[in-house]
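Shown next: data02.cif, given as mmCIF, C-alpha atoms and all ligand atoms.
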```
data_query
loop_
_atom_site.group_PDB
_atom_site.id
_atom_site.type_symbol
_atom_site.label_atom_id
_atom_site.label_comp_id
_atom_site.auth_asym_id
_atom_site.auth_seq_id
_atom_site.Cartn_x
_atom_site.Cartn_y
_atom_site.Cartn_z
ATOM 1 C CA MET A 1 -94.472 -62.453 198.359
ATOM 2 C CA GLN A 2 -95.223 -58.723 198.302
ATOM 3 C CA ASN A 3 -92.712 -56.231 196.954
ATOM 4 C CA GLN A 4 -91.737 -53.446 199.305
ATOM 5 C CA PRO A 5 -93.682 -50.383 198.102
ATOM 6 C CA SER A 6 -91.580 -47.472 196.941
ATOM 7 C CA PRO A 7 -92.377 -44.253 195.043
ATOM 8 C CA ASP A 8 -90.592 -45.729 192.026
ATOM 9 C CA HIS A 9 -93.015 -48.637 191.772
ATOM 10 C CA GLN A 10 -96.071 -48.632 189.582
ATOM 11 C CA HIS A 11 -99.179 -50.308 190.925
ATOM 12 C CA ALA A 12 -100.802 -53.390 189.377
ATOM 13 C CA ASP A 13 -103.450 -55.841 190.539
ATOM 14 C CA LEU A 14 -101.572 -59.051 189.838
ATOM 15 C CA ILE A 15 -98.046 -60.186 189.010
ATOM 16 C CA ILE A 16 -97.449 -63.774 187.888
ATOM 17 C CA LYS A 17 -93.823 -64.899 187.956
ATOM 18 C CA ALA A 18 -92.841 -68.101 186.156
ATOM 19 C CA GLY A 19 -89.719 -70.039 185.187
ATOM 20 C CA TRP A 20 -90.922 -69.655 181.586
ATOM 21 C CA ILE A 21 -93.666 -67.630 179.895
ATOM 22 C CA ALA A 22 -94.828 -68.368 176.324
ATOM 23 C CA PRO A 23 -96.717 -65.243 175.184
ATOM 24 C CA VAL A 24 -98.998 -64.882 172.154
ATOM 25 C CA ALA A 25 -97.026 -61.751 171.282
ATOM 26 C CA PRO A 26 -94.208 -61.075 170.757
ATOM 27 C CA GLU A 27 -93.591 -64.357 168.940
ATOM 28 C CA THR A 28 -90.311 -64.981 170.678
ATOM 29 C CA GLY A 29 -90.978 -68.469 172.041
ATOM 30 C CA ALA A 30 -90.686 -69.141 175.762
ATOM 31 C CA LEU A 31 -89.093 -66.394 177.878
ATOM 32 C CA ALA A 32 -87.065 -67.567 180.904
ATOM 33 C CA ASP A 33 -87.598 -66.047 184.368
ATOM 34 C CA HIS A 34 -90.235 -63.554 183.321
ATOM 35 C CA ALA A 35 -93.205 -61.905 184.995
ATOM 36 C CA LEU A 36 -96.642 -61.012 183.667
ATOM 37 C CA VAL A 37 -98.250 -57.871 185.060
ATOM 38 C CA VAL A 38 -102.063 -57.482 185.072
ATOM 39 C CA ARG A 39 -104.125 -54.409 185.799
ATOM 40 C CA GLY A 40 -107.918 -54.850 185.690
ATOM 41 C CA ASP A 41 -108.612 -57.187 182.757
ATOM 42 C CA THR A 42 -105.494 -56.201 180.810
ATOM 43 C CA ILE A 43 -101.929 -57.513 180.628
ATOM 44 C CA VAL A 44 -99.896 -54.313 181.001
ATOM 45 C CA ASP A 45 -96.341 -55.655 181.058
ATOM 46 C CA LEU A 46 -94.223 -58.699 180.334
ATOM 47 C CA LEU A 47 -90.622 -58.438 181.492
ATOM 48 C CA PRO A 48 -87.769 -60.263 183.227
ATOM 49 C CA THR A 49 -88.626 -60.940 186.869
ATOM 50 C CA PRO A 50 -85.759 -58.835 188.344
ATOM 51 C CA LEU A 51 -86.961 -55.835 186.321
ATOM 52 C CA ALA A 52 -90.565 -56.494 187.372
ATOM 53 C CA ASP A 53 -89.453 -56.363 191.006
ATOM 54 C CA GLN A 54 -87.886 -52.932 190.396
ATOM 55 C CA LYS A 55 -90.772 -51.514 188.385
ATOM 56 C CA TRP A 56 -94.003 -52.992 189.747
ATOM 57 C CA ARG A 57 -95.781 -53.804 192.933
ATOM 58 C CA ALA A 58 -99.153 -55.554 193.069
ATOM 59 C CA ASP A 59 -101.928 -56.556 195.425
ATOM 60 C CA GLU A 60 -101.318 -60.191 194.544
ATOM 61 C CA VAL A 61 -98.104 -61.887 193.461
ATOM 62 C CA VAL A 62 -98.205 -65.492 192.248
ATOM 63 C CA GLU A 63 -94.885 -67.343 192.130
ATOM 64 C CA LEU A 64 -95.085 -70.303 189.748
ATOM 65 C CA GLY A 65 -91.425 -71.266 190.108
ATOM 66 C CA ASN A 66 -90.414 -73.989 187.684
ATOM 67 C CA HIS A 67 -93.571 -73.719 185.529
ATOM 68 C CA LEU A 68 -94.385 -72.686 181.954
ATOM 69 C CA LEU A 69 -97.151 -70.067 181.826
ATOM 70 C CA ILE A 70 -99.078 -70.294 178.531
ATOM 71 C CA PRO A 71 -102.005 -68.423 176.946
ATOM 72 C CA GLY A 72 -105.481 -69.804 177.544
ATOM 73 C CA LEU A 73 -106.350 -72.831 175.400
ATOM 74 C CA VAL A 74 -109.103 -72.593 172.784
ATOM 75 C CA ASN A 75 -111.541 -75.465 172.272
ATOM 76 C CA ALA A 76 -112.525 -75.036 168.628
ATOM 77 C CA HIS A 77 -115.573 -77.341 168.647
ATOM 78 C CA THR A 78 -117.842 -78.148 171.571
ATOM 79 C CA HIS A 79 -121.380 -79.129 172.446
ATOM 80 C CA ALA A 80 -120.643 -78.117 176.017
ATOM 81 C CA ALA A 81 -123.993 -78.959 177.613
ATOM 82 C CA MET A 82 -123.796 -82.490 176.183
ATOM 83 C CA ASN A 83 -121.419 -83.509 178.935
ATOM 84 C CA LEU A 84 -124.632 -84.393 180.808
ATOM 85 C CA PHE A 85 -124.885 -87.203 178.204
ATOM 86 C CA ARG A 86 -121.258 -88.244 178.709
ATOM 87 C CA GLY A 87 -120.890 -92.014 178.342
ATOM 88 C CA LEU A 88 -124.384 -92.457 176.883
ATOM 89 C CA ALA A 89 -124.298 -95.061 174.097
ATOM 90 C CA ASP A 90 -120.559 -94.551 173.675
ATOM 91 C CA ASP A 91 -118.398 -96.264 171.045
ATOM 92 C CA LEU A 92 -121.099 -96.548 168.369
ATOM 93 C CA PRO A 93 -120.939 -95.465 164.711
ATOM 94 C CA LEU A 94 -121.912 -91.779 164.367
ATOM 95 C CA MET A 95 -125.304 -92.237 162.712
ATOM 96 C CA THR A 96 -126.390 -95.031 165.078
ATOM 97 C CA TRP A 97 -125.289 -92.909 168.035
ATOM 98 C CA LEU A 98 -127.135 -89.824 166.746
ATOM 99 C CA GLU A 99 -130.342 -91.345 165.389
ATOM 100 C CA GLN A 100 -130.973 -94.102 167.933
ATOM 101 C CA HIS A 101 -129.588 -92.559 171.122
ATOM 102 C CA ILE A 102 -128.655 -88.868 171.171
ATOM 103 C CA TRP A 103 -131.545 -87.330 169.230
ATOM 104 C CA PRO A 104 -134.153 -89.304 171.257
ATOM 105 C CA ALA A 105 -132.384 -88.327 174.509
ATOM 106 C CA GLU A 106 -132.335 -84.680 173.442
ATOM 107 C CA GLY A 107 -136.030 -84.937 172.531
ATOM 108 C CA GLN A 108 -136.750 -86.140 176.041
ATOM 109 C CA TRP A 109 -134.437 -83.945 178.121
ATOM 110 C CA MET A 110 -133.557 -80.825 176.168
ATOM 111 C CA SER A 111 -134.458 -77.511 177.805
ATOM 112 C CA GLU A 112 -132.826 -74.224 178.742
ATOM 113 C CA ALA A 113 -132.228 -75.656 182.234
ATOM 114 C CA PHE A 114 -130.395 -78.645 180.704
ATOM 115 C CA VAL A 115 -128.160 -76.302 178.690
ATOM 116 C CA ARG A 116 -127.539 -74.045 181.702
ATOM 117 C CA ASP A 117 -126.565 -76.903 184.045
ATOM 118 C CA GLY A 118 -124.539 -78.831 181.454
ATOM 119 C CA THR A 119 -122.633 -75.760 180.317
ATOM 120 C CA ARG A 120 -121.868 -74.767 183.922
ATOM 121 C CA LEU A 121 -120.306 -78.191 184.471
ATOM 122 C CA ALA A 122 -118.399 -77.890 181.182
ATOM 123 C CA ALA A 123 -117.213 -74.376 182.116
ATOM 124 C CA ALA A 124 -115.753 -75.671 185.376
ATOM 125 C CA GLU A 125 -113.954 -78.459 183.506
ATOM 126 C CA MET A 126 -112.664 -76.078 180.844
ATOM 127 C CA ILE A 127 -111.297 -73.606 183.387
ATOM 128 C CA ARG A 128 -109.641 -76.383 185.367
ATOM 129 C CA SER A 129 -107.823 -77.579 182.247
ATOM 130 C CA GLY A 130 -106.748 -74.108 181.078
ATOM 131 C CA THR A 131 -109.385 -73.527 178.375
ATOM 132 C CA THR A 132 -110.472 -69.877 178.279
ATOM 133 C CA CYS A 133 -112.362 -69.773 174.962
ATOM 134 C CA PHE A 134 -114.726 -72.259 173.293
ATOM 135 C CA ALA A 135 -116.638 -72.511 170.020
ATOM 136 C CA ASP A 136 -119.959 -74.147 170.845
ATOM 137 C CA MET A 137 -122.747 -75.430 168.608
ATOM 138 C CA TYR A 138 -125.805 -76.317 170.620
ATOM 139 C CA PHE A 139 -129.381 -75.488 171.571
ATOM 140 C CA PHE A 140 -130.294 -72.263 173.429
ATOM 141 C CA PRO A 141 -127.003 -70.422 172.731
ATOM 142 C CA GLU A 142 -128.133 -67.367 174.701
ATOM 143 C CA THR A 143 -128.288 -69.532 177.821
ATOM 144 C CA THR A 144 -124.756 -70.717 177.016
ATOM 145 C CA ALA A 145 -123.719 -67.085 176.550
ATOM 146 C CA ARG A 146 -124.985 -66.171 180.010
ATOM 147 C CA VAL A 147 -123.061 -69.090 181.567
ATOM 148 C CA ALA A 148 -119.885 -68.098 179.689
ATOM 149 C CA MET A 149 -120.186 -64.549 181.030
ATOM 150 C CA GLU A 150 -120.793 -65.817 184.563
ATOM 151 C CA ALA A 151 -117.735 -68.119 184.317
ATOM 152 C CA GLY A 152 -115.434 -65.460 182.833
ATOM 153 C CA LEU A 153 -114.952 -67.424 179.598
ATOM 154 C CA ARG A 154 -114.884 -66.200 175.999
ATOM 155 C CA ALA A 155 -117.329 -67.971 173.653
ATOM 156 C CA VAL A 156 -118.269 -68.174 169.981
ATOM 157 C CA LEU A 157 -121.740 -69.732 169.918
ATOM 158 C CA PHE A 158 -123.268 -71.186 166.765
ATOM 159 C CA SER A 159 -127.060 -71.202 166.910
ATOM 160 C CA PRO A 160 -128.366 -74.515 165.487
ATOM 161 C CA ILE A 161 -130.088 -74.716 162.088
ATOM 162 C CA LEU A 162 -131.873 -77.975 161.153
ATOM 163 C CA ASP A 163 -134.561 -79.070 158.678
ATOM 164 C CA PHE A 164 -136.659 -80.674 161.416
ATOM 165 C CA PRO A 165 -138.238 -79.543 164.706
ATOM 166 C CA THR A 166 -136.477 -79.871 168.075
ATOM 167 C CA PRO A 167 -137.293 -78.543 171.555
ATOM 168 C CA MET A 168 -135.659 -75.273 170.451
ATOM 169 C CA GLY A 169 -137.484 -74.567 167.210
ATOM 170 C CA ALA A 170 -140.200 -75.600 164.762
ATOM 171 C CA GLY A 171 -138.116 -75.655 161.585
ATOM 172 C CA PRO A 172 -135.518 -73.793 159.487
ATOM 173 C CA ASP A 173 -137.207 -70.380 159.470
ATOM 174 C CA ASP A 174 -137.697 -70.534 163.223
ATOM 175 C CA TYR A 175 -134.018 -71.453 163.778
ATOM 176 C CA LEU A 176 -132.863 -68.667 161.449
ATOM 177 C CA ARG A 177 -135.015 -66.137 163.309
ATOM 178 C CA LEU A 178 -133.664 -67.321 166.691
ATOM 179 C CA ALA A 179 -130.045 -67.157 165.472
ATOM 180 C CA THR A 180 -130.542 -63.651 164.073
ATOM 181 C CA GLU A 181 -132.180 -62.415 167.275
ATOM 182 C CA ALA A 182 -129.390 -63.929 169.396
ATOM 183 C CA ALA A 183 -126.709 -62.311 167.213
ATOM 184 C CA ASP A 184 -128.470 -58.995 167.649
ATOM 185 C CA ASN A 185 -128.863 -59.370 171.416
ATOM 186 C CA TRP A 186 -125.134 -60.088 171.969
ATOM 187 C CA ARG A 187 -123.661 -57.739 169.370
ATOM 188 C CA HIS A 188 -122.156 -55.414 171.970
ATOM 189 C CA GLU A 189 -120.628 -58.036 174.292
ATOM 190 C CA PRO A 190 -116.932 -58.396 173.396
ATOM 191 C CA ARG A 191 -116.557 -61.836 175.027
ATOM 192 C CA VAL A 192 -119.497 -63.447 173.168
ATOM 193 C CA THR A 193 -119.949 -63.877 169.414
ATOM 194 C CA ILE A 194 -123.088 -65.496 167.977
ATOM 195 C CA GLY A 195 -122.913 -67.299 164.631
ATOM 196 C CA PHE A 196 -124.926 -69.745 162.537
ATOM 197 C CA GLY A 197 -124.584 -73.503 163.115
ATOM 198 C CA PRO A 198 -126.208 -75.455 160.268
ATOM 199 C CA HIS A 199 -125.817 -78.919 161.776
ATOM 200 C CA ALA A 200 -124.536 -80.947 158.792
ATOM 201 C CA PRO A 201 -125.015 -81.363 155.022
ATOM 202 C CA TYR A 202 -127.398 -84.289 155.648
ATOM 203 C CA THR A 203 -129.649 -82.373 158.103
ATOM 204 C CA VAL A 204 -129.923 -78.986 156.337
ATOM 205 C CA SER A 205 -131.234 -78.563 152.774
ATOM 206 C CA ASP A 206 -130.153 -75.982 150.205
ATOM 207 C CA GLY A 207 -132.868 -73.408 150.945
ATOM 208 C CA PRO A 208 -131.936 -72.821 154.587
ATOM 209 C CA LEU A 209 -128.217 -72.958 153.701
ATOM 210 C CA GLU A 210 -128.672 -70.153 151.167
ATOM 211 C CA LYS A 211 -130.430 -68.096 153.855
ATOM 212 C CA VAL A 212 -127.562 -68.819 156.288
ATOM 213 C CA LEU A 213 -125.110 -67.499 153.699
ATOM 214 C CA THR A 214 -127.095 -64.282 153.188
ATOM 215 C CA LEU A 215 -127.713 -63.617 156.898
ATOM 216 C CA ALA A 216 -124.121 -64.415 157.902
ATOM 217 C CA GLU A 217 -122.871 -61.870 155.369
ATOM 218 C CA GLU A 218 -125.375 -59.241 156.492
ATOM 219 C CA LEU A 219 -124.498 -59.676 160.167
ATOM 220 C CA ASP A 220 -120.786 -60.415 159.587
ATOM 221 C CA ALA A 221 -121.363 -63.583 161.632
ATOM 222 C CA PRO A 222 -119.302 -66.797 161.479
ATOM 223 C CA VAL A 223 -120.692 -70.177 160.358
ATOM 224 C CA MET A 224 -119.806 -73.594 161.751
ATOM 225 C CA MET A 225 -120.933 -76.933 160.300
ATOM 226 C CA HIS A 226 -120.059 -80.618 160.612
ATOM 227 C CA VAL A 227 -118.738 -81.689 157.198
ATOM 228 C CA HIS A 228 -117.273 -84.993 155.946
ATOM 229 C CA GLU A 229 -117.347 -86.585 159.393
ATOM 230 C CA THR A 230 -117.759 -90.128 158.083
ATOM 231 C CA ALA A 231 -117.264 -92.088 154.874
ATOM 232 C CA GLY A 232 -120.970 -92.999 155.033
ATOM 233 C CA GLU A 233 -121.993 -89.328 154.855
ATOM 234 C CA ILE A 234 -119.991 -88.869 151.651
ATOM 235 C CA HIS A 235 -121.185 -92.132 150.018
ATOM 236 C CA GLN A 236 -124.840 -91.315 150.717
ATOM 237 C CA ALA A 237 -124.492 -87.809 149.285
ATOM 238 C CA VAL A 238 -122.774 -89.087 146.151
ATOM 239 C CA GLU A 239 -125.465 -91.752 145.660
ATOM 240 C CA ALA A 240 -128.297 -89.270 146.165
ATOM 241 C CA SER A 241 -127.009 -86.293 144.178
ATOM 242 C CA GLY A 242 -123.741 -87.292 142.490
ATOM 243 C CA GLU A 243 -121.883 -84.723 144.592
ATOM 244 C CA ARG A 244 -119.738 -84.821 147.663
ATOM 245 C CA PRO A 245 -120.991 -82.552 150.479
ATOM 246 C CA LEU A 246 -118.073 -80.111 150.240
ATOM 247 C CA THR A 247 -118.672 -79.714 146.479
ATOM 248 C CA ARG A 248 -122.307 -78.887 147.195
ATOM 249 C CA LEU A 249 -121.331 -76.321 149.865
ATOM 250 C CA LYS A 250 -118.831 -74.760 147.458
ATOM 251 C CA GLN A 251 -121.533 -74.414 144.789
ATOM 252 C CA LEU A 252 -123.801 -72.756 147.382
ATOM 253 C CA GLY A 253 -121.018 -70.262 148.135
ATOM 254 C CA LEU A 254 -120.624 -71.396 151.747
ATOM 255 C CA LEU A 255 -116.898 -72.147 151.543
ATOM 256 C CA ASN A 256 -115.526 -68.722 152.408
ATOM 257 C CA PRO A 257 -113.357 -67.222 155.154
ATOM 258 C CA ARG A 258 -116.420 -66.777 157.347
HETATM 259 ZN ZN ZN A 301 -119.942 -81.479 166.812
#
```
Can you give me the file's structure in the form of structure tokens?
Ligand SMILES: [Zn+2]
Amino acid sequence: MQNQPSPDHQHADLIIKAGWIAPVAPETGALADHALVVRGDTIVDLLPTPLADQKWRADEVVELGNHLLIPGLVNAHTHAAMNLFRGLADDLPLMTWLEQHIWPAEGQWMSEAFVRDGTRLAAAEMIRSGTTCFADMYFFPETTARVAMEAGLRAVLFSPILDFPTPMGAGPDDYLRLATEAADNWRHEPRVTIGFGPHAPYTVSDGPLEKVLTLAEELDAPVMMHVHETAGEIHQAVEASGERPLTRLKQLGLLNPR
């Protein structure tokens, strides 16, 4: 329902009225009968609905009635494009699933087109469920970045680092070069951050990990890695080197706020 325009009203693009609003800030908990006022891409006001009616008018007013309006959800770990593999060899132990099913499937199907299509599907699912930001670790992160921009999502994308070749790269130095170039290409886009994604302690050796540490510091880029996912990963590391994976990462200097 549109407010009646008056000289006293300020103009906004969108007003969302809800029975409750739980804002990120101020940390007051849920506010009853409030309205959120949006101009362009910015929230410009948050106030009780009767006051919003006095102060603001907008091109679009959404009345959510007896709903709780919350901030966008953040998915802190995705391989978004992999939803094209959804259900493939499900319910298997991690290493069996990876080595006998997923890595061969990726070897056969992986391409920029796969990542583009899979991430578009994932973006639609994320938006439908209220997710507005995701931290993704997968091949061709610049393709994922373009899809995130197109979908209006925020993304932190961790460019993969592995000891072995994949359809994306020939080996560690190639992956490090690709990650560095991607970070450079997206440095000025506020909705996309590129970081380094060394896959796991058992797929990346010390040399490349030391280079990740150096480059991440130079570029002020974040690092994401799978660590201690299974008991088997820890047992194998202890048998091979006498150290648990996290101890090894600590000695390499990789356990830091970044
Ligand atoms: Zn993962």
What residues of the protein or nucleic acid chains come within 12 Å of ligand ZN 301 (chain A) when you use all atoms listed in the file? Reply as a list in words. Asn75, Ala76, His77, Thr78, His79, Ala80, Ala81, Met82, Leu94, Leu98, Ala135, Asp136, Met137, Tyr138, Phe158, Pro160, Gly197, Pro198, His199, Ala200, Met224, Met225, His226, Val227, His228 and Glu229 of chain A
Around the point (-134.7, -69.1, 162.3) (coordinates from the file), which residues reach within 12 Å if we count all atoms listed in the file? Answer as number ranges by chain. A: 159-165, 168-183, 196-198, 208-209, 211-212, 215
At what distance in Å, to one decimal, does atom CA of A:Phe139 lie from atom CA of A:Gly232?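 Straight-line distance from atom CA of A:Gly232 to atom CA of A:Phe139 works out to 25.5 Å.
Pairwise distance (atom CA of A:Asn66, atom CA of A:Pro48) equals 14.7 Å.
Nearest to A:Thr42 of all the residues A:Ala12, A:Val61, A:Val147, A:Val115 is A:Ala12, counting only C-alpha atoms.
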With all atoms listed in the file counted, which protein, DNA or RNA residues have an atom no more than 10 Å from (-88.0, -68.6, 183.1) in the file frame? Please answer as a VMD selection string. chain A and resid 17 to 22 30 to 35 48 to 49 64 to 69
Please, what distance in Å, to one decimal, runs between atom CA of A:Thr119 and atom CA of A:Ile16? 28.9 Å
For A:Arg187, please output as a ChimeraX atom specification all residues within 12 Å (counting all atoms listed in the file; exclusion window: fewer than 4 positions along the same chain). /A:142,145,156,180-183,191-195,219-221
Using all atoms listed in the file: which of A:Ala216, A:Gly107, A:Tyr202, A:Pro141 has the shortest distance to A:Asn185: A:Pro141
